[in-house]
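Coordinates from structure-v6.cif are shown below (mmCIF, C-alpha atoms).
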```
data_protein
#
loop_
_atom_site.label_atom_id
_atom_site.label_comp_id
_atom_site.auth_asym_id
_atom_site.auth_seq_id
_atom_site.Cartn_x
_atom_site.Cartn_y
_atom_site.Cartn_z
CA MET A 1 96.57 97.80 75.78
CA PHE A 2 98.55 94.69 76.78
CA PHE A 3 97.68 91.48 78.60
CA PHE A 4 100.06 89.28 80.62
CA THR A 5 99.36 85.76 81.87
CA SER A 6 100.90 83.38 84.36
CA LYS A 7 100.82 79.57 84.24
CA ASP A 8 102.41 78.95 87.66
CA GLY A 9 100.45 81.10 90.09
CA GLY A 10 102.25 84.36 89.42
CA SER A 11 105.87 83.23 89.76
CA THR A 12 106.39 83.52 86.00
CA TRP A 13 104.71 85.89 83.59
CA ILE A 14 104.22 85.65 79.82
CA GLY A 15 103.48 88.54 77.51
CA PRO A 16 102.78 91.06 76.29
CA THR A 17 99.70 90.34 74.19
CA ARG A 18 97.81 93.30 72.76
CA VAL A 19 94.09 92.95 73.47
CA ASN A 20 92.81 95.74 71.22
CA ASP A 21 92.87 94.67 67.57
CA ASP A 22 92.64 98.08 65.88
CA PRO A 23 95.70 99.41 63.99
CA SER A 24 98.55 101.18 65.78
CA ARG A 25 102.12 101.98 64.80
CA ALA A 26 105.32 103.47 66.17
CA PRO A 27 106.19 107.01 65.03
CA ASP A 28 108.88 107.88 62.53
CA LEU A 29 110.95 110.01 64.91
CA ALA A 30 112.72 111.83 62.07
CA THR A 31 109.52 113.22 60.56
CA GLU A 32 106.74 112.72 63.14
CA GLY A 33 108.45 113.56 66.43
CA GLY A 34 106.57 111.09 68.60
CA ARG A 35 105.15 111.91 72.01
CA ASP A 36 108.31 113.79 73.05
CA CYS A 37 108.33 116.21 70.12
CA GLY A 38 109.17 119.72 71.28
CA ARG A 39 110.79 118.42 74.46
CA ILE A 40 113.83 116.61 73.03
CA VAL A 41 116.34 118.37 70.80
CA GLY A 42 115.74 117.46 67.17
CA ARG A 43 112.18 116.23 67.75
CA VAL A 44 109.98 118.58 65.77
CA CYS A 45 106.21 118.45 66.18
CA PRO A 46 104.38 118.20 62.83
CA SER A 47 101.73 120.78 62.03
CA VAL A 48 99.02 118.11 62.10
CA ALA A 49 99.20 115.32 64.68
CA PRO A 50 99.79 111.93 62.98
CA ASN A 51 97.62 108.92 63.74
CA PHE A 52 99.59 106.35 65.75
CA GLY A 53 96.49 104.51 66.94
CA ASN A 54 93.57 105.06 69.27
CA ASP A 55 93.24 105.38 73.03
CA GLN A 56 92.23 102.33 75.08
CA TRP A 57 92.30 102.36 78.90
CA PHE A 58 90.83 101.09 82.19
CA PRO A 59 90.79 97.34 81.37
CA TRP A 60 89.08 94.77 83.60
CA ILE A 61 89.12 91.02 83.12
CA ASP A 62 87.26 87.90 84.21
CA ILE A 63 87.27 84.25 83.12
CA SER A 64 84.48 81.69 83.19
CA SER A 65 84.67 78.19 84.65
CA ARG A 66 85.22 76.79 81.15
CA GLY A 67 87.96 79.26 80.13
CA ASP A 68 86.07 82.09 78.44
CA LEU A 69 88.38 85.07 78.91
CA ASN A 70 86.49 88.39 78.90
CA VAL A 71 87.96 91.89 78.98
CA VAL A 72 86.19 95.27 79.02
CA PHE A 73 87.80 98.65 78.45
CA TYR A 74 87.15 102.18 77.22
CA ASP A 75 87.93 102.75 73.54
CA ARG A 76 87.98 105.70 71.11
CA ARG A 77 88.46 103.86 67.81
CA LEU A 78 84.95 104.57 66.50
CA ASP A 79 85.53 108.33 66.56
CA THR A 80 87.25 109.15 63.28
CA ASP A 81 86.35 112.81 62.67
CA SER A 82 85.72 114.84 65.84
CA THR A 83 87.22 118.31 65.43
CA THR A 84 84.88 120.74 67.22
CA GLY A 85 83.73 121.28 70.78
CA GLU A 86 86.75 119.56 72.27
CA TRP A 87 88.64 120.43 75.45
CA PRO A 88 91.27 121.77 75.32
CA SER A 89 90.60 123.67 72.11
CA SER A 90 94.15 122.92 70.89
CA ARG A 91 92.99 119.41 69.93
CA ALA A 92 90.63 120.82 67.32
CA ALA A 93 91.76 120.75 63.67
CA PRO A 94 93.99 121.88 62.07
CA ASN A 95 96.39 121.70 65.05
CA GLY A 96 95.34 118.31 66.34
CA ARG A 97 94.40 114.93 64.98
CA PRO A 98 90.72 114.56 64.03
CA GLY A 99 88.91 111.84 65.93
CA ASN A 100 90.11 109.66 68.84
CA TYR A 101 88.02 111.77 71.20
CA LEU A 102 84.57 110.32 71.96
CA VAL A 103 84.43 107.19 74.16
CA TRP A 104 82.67 103.83 73.91
CA ASN A 105 82.73 100.78 76.18
CA PHE A 106 84.33 97.82 74.38
CA GLY A 107 84.64 94.10 75.07
CA ALA A 108 87.17 91.48 73.98
CA GLN A 109 87.02 87.70 74.22
CA CYS A 110 89.32 84.72 73.84
CA ALA A 111 88.90 81.06 74.86
CA ILE A 112 91.35 78.93 76.86
CA THR A 113 90.67 75.21 76.44
CA THR A 114 93.98 73.63 77.50
CA THR A 115 96.25 73.98 80.52
CA ALA A 116 100.01 74.08 80.76
CA THR A 117 102.77 75.09 83.17
CA VAL A 118 105.53 77.54 82.24
CA THR A 119 108.27 78.52 84.70
CA GLN A 120 111.29 80.81 84.73
CA THR A 121 113.44 77.81 83.87
CA SER A 122 111.42 77.08 80.73
CA THR A 123 113.27 77.81 77.50
CA SER A 124 110.16 78.18 75.34
CA ILE A 125 106.39 78.38 75.59
CA PRO A 126 104.71 75.02 74.82
CA ALA A 127 101.94 75.00 72.25
CA ALA A 128 99.35 74.15 74.92
CA ALA A 129 100.15 77.44 76.69
CA LYS A 130 99.92 79.71 73.64
CA GLN A 131 96.16 80.15 73.58
CA CYS A 132 95.20 83.84 73.87
CA LEU A 133 98.83 84.93 73.36
CA GLY A 134 100.07 87.28 70.65
CA ASN A 135 102.93 86.26 68.41
CA GLU A 136 105.42 88.47 70.29
CA ALA A 137 104.55 87.10 73.74
CA ALA A 138 107.49 85.54 75.59
CA ILE A 139 108.54 84.52 79.09
CA VAL A 140 109.22 87.75 80.94
CA PRO A 141 112.51 87.76 82.89
CA GLN A 142 112.39 89.27 86.35
CA PRO A 143 113.73 92.83 85.93
CA PRO A 144 116.38 94.01 88.41
CA ALA A 145 114.72 97.46 88.53
CA PRO A 146 111.62 99.18 87.16
CA PRO A 147 111.92 99.23 83.35
CA ASN A 148 112.41 102.62 81.71
CA PRO A 149 112.17 102.35 77.90
CA ALA A 150 113.98 105.02 75.92
CA SER A 151 111.88 107.71 74.28
CA GLY A 152 110.59 106.44 70.95
CA ALA A 153 111.53 102.82 71.67
CA THR A 154 109.21 100.16 70.27
CA VAL A 155 108.05 98.34 73.38
CA PRO A 156 107.67 94.53 73.31
CA GLY A 157 104.39 93.69 71.66
CA GLY A 158 104.48 96.83 69.53
CA ALA A 159 104.95 94.80 66.36
CA GLN A 160 102.31 92.16 67.15
CA THR A 161 100.56 90.77 64.05
CA VAL A 162 98.45 87.99 65.60
CA PHE A 163 95.44 89.15 67.64
CA PRO A 164 93.72 86.32 69.54
CA PHE A 165 91.17 88.59 71.26
CA ARG A 166 88.04 89.34 69.25
CA ASN A 167 86.89 92.91 69.93
CA PHE A 168 83.32 94.21 69.87
CA ASN A 169 81.44 97.33 70.91
CA VAL A 170 79.32 97.05 74.06
CA SER A 171 77.86 100.53 74.60
CA ASP A 172 75.39 101.86 72.07
CA THR A 173 76.08 105.58 72.54
CA ALA A 174 79.25 107.65 72.45
CA SER A 175 80.25 109.53 75.59
CA ASN A 176 82.26 112.75 75.89
CA TRP A 177 84.24 112.40 79.11
CA ASP A 178 85.18 116.06 79.00
CA TYR A 179 81.64 116.75 80.18
CA THR A 180 82.75 115.09 83.39
CA PHE A 181 86.47 115.54 83.92
CA ARG A 182 86.58 119.17 82.83
CA ALA A 183 84.29 120.01 85.74
CA GLY A 184 86.22 117.87 88.22
CA ILE A 185 83.40 115.34 88.60
CA PHE A 186 84.71 111.79 88.81
CA ALA A 187 83.98 109.30 86.02
CA GLY A 188 86.99 107.07 86.65
CA ASP A 189 87.47 103.34 86.55
CA TYR A 190 83.95 102.45 87.63
CA ASN A 191 83.90 99.75 84.99
CA ASN A 192 84.15 96.00 85.34
CA VAL A 193 83.14 92.65 83.88
CA THR A 194 82.00 89.47 85.58
CA VAL A 195 81.00 86.08 84.19
CA GLY A 196 78.22 84.26 86.01
CA PRO A 197 77.63 80.51 86.42
CA ASP A 198 75.22 80.64 83.47
CA LEU A 199 78.17 81.85 81.29
CA THR A 200 76.61 85.28 80.84
CA ALA A 201 79.07 88.16 80.92
CA TRP A 202 77.96 91.38 82.58
CA ALA A 203 79.76 94.60 81.60
CA PHE A 204 79.50 97.62 83.90
CA TRP A 205 80.66 101.15 83.06
CA THR A 206 80.06 104.89 83.45
CA ASP A 207 79.54 107.34 80.65
CA ALA A 208 78.43 110.93 80.26
CA ARG A 209 75.74 110.47 77.60
CA ASN A 210 73.28 112.27 79.87
CA GLY A 211 75.60 115.24 80.36
CA ARG A 212 74.58 118.53 78.82
CA SER A 213 77.20 120.30 76.71
CA ALA A 214 78.07 123.95 77.24
CA ARG A 215 76.69 124.50 73.75
CA THR A 216 73.17 123.94 75.12
CA GLU A 217 73.54 124.64 78.85
CA ALA A 218 74.48 128.21 79.77
CA GLY A 219 77.25 128.72 82.31
CA ARG A 220 78.95 125.30 81.95
CA ASN A 221 77.07 124.09 84.99
CA PRO A 222 79.10 121.08 86.28
CA ILE A 223 76.09 119.54 88.02
CA CYS A 224 74.57 119.08 84.56
CA GLU A 225 77.64 117.29 83.22
CA GLN A 226 77.60 114.11 85.30
CA SER A 227 78.39 110.51 84.47
CA ASP A 228 75.77 107.83 85.01
CA VAL A 229 76.16 104.07 85.45
CA PHE A 230 75.20 101.53 82.78
CA ASP A 231 75.50 97.80 82.30
CA ASP A 232 74.87 95.19 79.63
CA GLU A 233 74.83 91.42 79.35
CA TYR A 234 76.06 89.07 76.62
CA SER A 235 77.40 85.57 76.09
CA SER A 236 80.81 84.99 77.64
CA SER A 237 81.91 83.13 74.51
CA SER A 238 80.00 84.76 71.64
CA GLY A 239 79.66 88.38 72.69
CA GLY A 240 78.92 90.94 70.04
CA THR A 241 75.27 90.03 69.73
CA VAL A 242 74.68 92.64 72.38
CA ARG A 243 71.44 93.91 73.87
CA ASN A 244 72.50 97.50 74.44
CA SER A 245 71.67 99.19 77.69
CA ALA A 246 69.59 101.90 76.02
CA THR A 247 67.18 99.42 74.44
CA GLN A 248 67.41 97.04 77.37
CA GLY A 249 66.56 99.70 79.91
CA MET A 250 69.60 98.88 82.03
CA GLN A 251 70.74 102.31 83.08
CA LEU A 252 71.27 101.61 86.76
CA TYR A 253 70.73 105.10 88.17
CA LEU A 254 68.52 108.02 87.22
CA ALA A 255 70.11 110.97 85.46
CA THR A 256 71.08 113.72 87.90
CA PRO A 257 68.76 116.72 87.30
CA CYS A 258 70.04 120.25 86.74
CA PRO A 259 69.50 122.73 89.60
CA THR A 260 66.89 124.59 87.58
CA GLN A 261 64.91 121.36 87.27
CA MET A 262 65.02 120.89 91.05
CA ALA A 263 63.89 124.41 91.94
CA GLY A 264 60.67 124.70 93.89
CA PRO A 265 57.78 127.06 93.12
#
```
Entire entry expressed as structure tokens:
Amino acid sequence: MFFFTSKDGGSTWIGPTRVNDDPSRAPDLATEGGRDCGRIVGRVCPSVAPNFGNDQWFPWIDISSRGDLNVVFYDRRLDTDSTTGEWPSSRAAPNGRPGNYLVWNFGAQCAITTTATVTQTSTSIPAAAKQCLGNEAAIVPQPPAPPNPASGATVPGGAQTVFPFRNFNVSDTASNWDYTFRAGIFAGDYNNVTVGPDLTAWAFWTDARNGRSARTEAGRNPICEQSDVFDDEYSSSSGGTVRNSATQGMQLYLATPCPTQMAGP
């Protein structure tokens, strides 16, 4: 998951900087096939899916009046061994990669304490502008057309070794989004972060912790597999000492009851 910044009001962009600090790597196309294995001649899919990194998605960002940069996103890095009860069943071992399935809400922080201007005519990024930038970040030239990287290409930022964003877990409970999306009930990008004048960051997200799996609810009733809304608060500069929503009592809406629980006498 990459971050871009501008120092001149959006005329010039600098990046990419990877926000997530967990390991990821490019595939060895000769032996691992990559994402296009089975679709491109010569790309053979291995019997067990290799681990190229974890899924991160739906990022939101806010910055405080003193330069505390806060990002929230969904993350699967904490799931290292899920193999059963997944959807579709082809992801279950031995055909798929174990883990990278359950979802948590994550936060990331970095501090900007200096200001600088970088324009398209700049030949390098001054030191004052390098805060919260990865070591591969550079001035991005205006492309003449939408970029279309070749299959298997290592995109800029793919070899980043400096990670200025400190990551931490926000949500206290894993969520299985298949409880929601499999039934066509929207979970979506109902997540956000905002930093108040008191320098408290508020994270907001949906998860399906209250959903009931088909293993315990007969008939795969979609009404019983909803997502509910949660939030949490933490310091905009020293997040990670988090009062989780479950212990804080900050679930914002009541869990949707199953139809059998709503039936009258």
- Task: Go ahead and compute the interatomic distance for CA of Leu199 (chain A) and CA of Ala108 (chain A), in Å to one decimal.
- Result: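 The value is 15.1 Å.
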- Hits from the PyMOL selection byres ((chain A and resi 155) around 12), listed as a VMD selection string: chain A and resid 1 to 2 15 to 18 25 to 26 136 to 137 147 to 154 156 to 160
- To verify the selection step, state as a list of chain:residue names which residues the PyMOL selection byres ((chain A and resi 189) around 9) yields on this input.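 For this structure, the PyMOL selection byres ((chain A and resi 189) around 9) captures A:Phe58, A:Pro59, A:Ala187, A:Gly188, A:Tyr190, A:Asn191, A:Asn192, A:Trp205, A:Thr206.
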Write the selection just made, keeping C-alpha atoms, as a short mmCIF file (atom, residue, chain, number, x, y, z; two decimals), keeping the file's coordinate frame?
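For reference, part.cif as written:
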```
data_model
loop_
_atom_site.label_atom_id
_atom_site.label_comp_id
_atom_site.auth_asym_id
_atom_site.auth_seq_id
_atom_site.Cartn_x
_atom_site.Cartn_y
_atom_site.Cartn_z
CA PHE A 58 90.83 101.09 82.19
CA PRO A 59 90.79 97.34 81.37
CA ALA A 187 83.98 109.30 86.02
CA GLY A 188 86.99 107.07 86.65
CA TYR A 190 83.95 102.45 87.63
CA ASN A 191 83.90 99.75 84.99
CA ASN A 192 84.15 96.00 85.34
CA TRP A 205 80.66 101.15 83.06
CA THR A 206 80.06 104.89 83.45
#
```
- Message: I want to know what sits within 7 Å of Asn167 (chain A), based on all atoms listed in the file, with residues of the same chain fewer than 3 positions away left out; could you give that as a list in words?
- Response: Asn20, Asp21, Gly107, Ala108 and Gln109 of chain A
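Each of A:Cys37, A:Cys45, A:Leu29, A:Ala129 was compared to Lys7 (chain A) using all atoms listed in the file, and A:Ala129 turns out to be the nearest.
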- Taking the file as shown, what set of residues would the PyMOL selection byres ((chain A and resi 66-79) around 9) give back, as an MDAnalysis selection string? chainID A and resid 19:20 22 53:65 80:82 98:114 132 165 169:170 174 191:195 199 201 203:205 236:237
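If you look at CA of Asn51 (chain A) and CA of Thr161 (chain A), they are 18.4 Å away from each other.
We find CA of Leu133 (chain A) and CA of Pro23 (chain A) to be spaced 17.5 Å apart.
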- Could you tell me which of A:Gly38, A:Pro27, A:Gly239, A:Gly9 comes closest to Pro50 (chain A) if we count all atoms listed in the file? A:Pro27
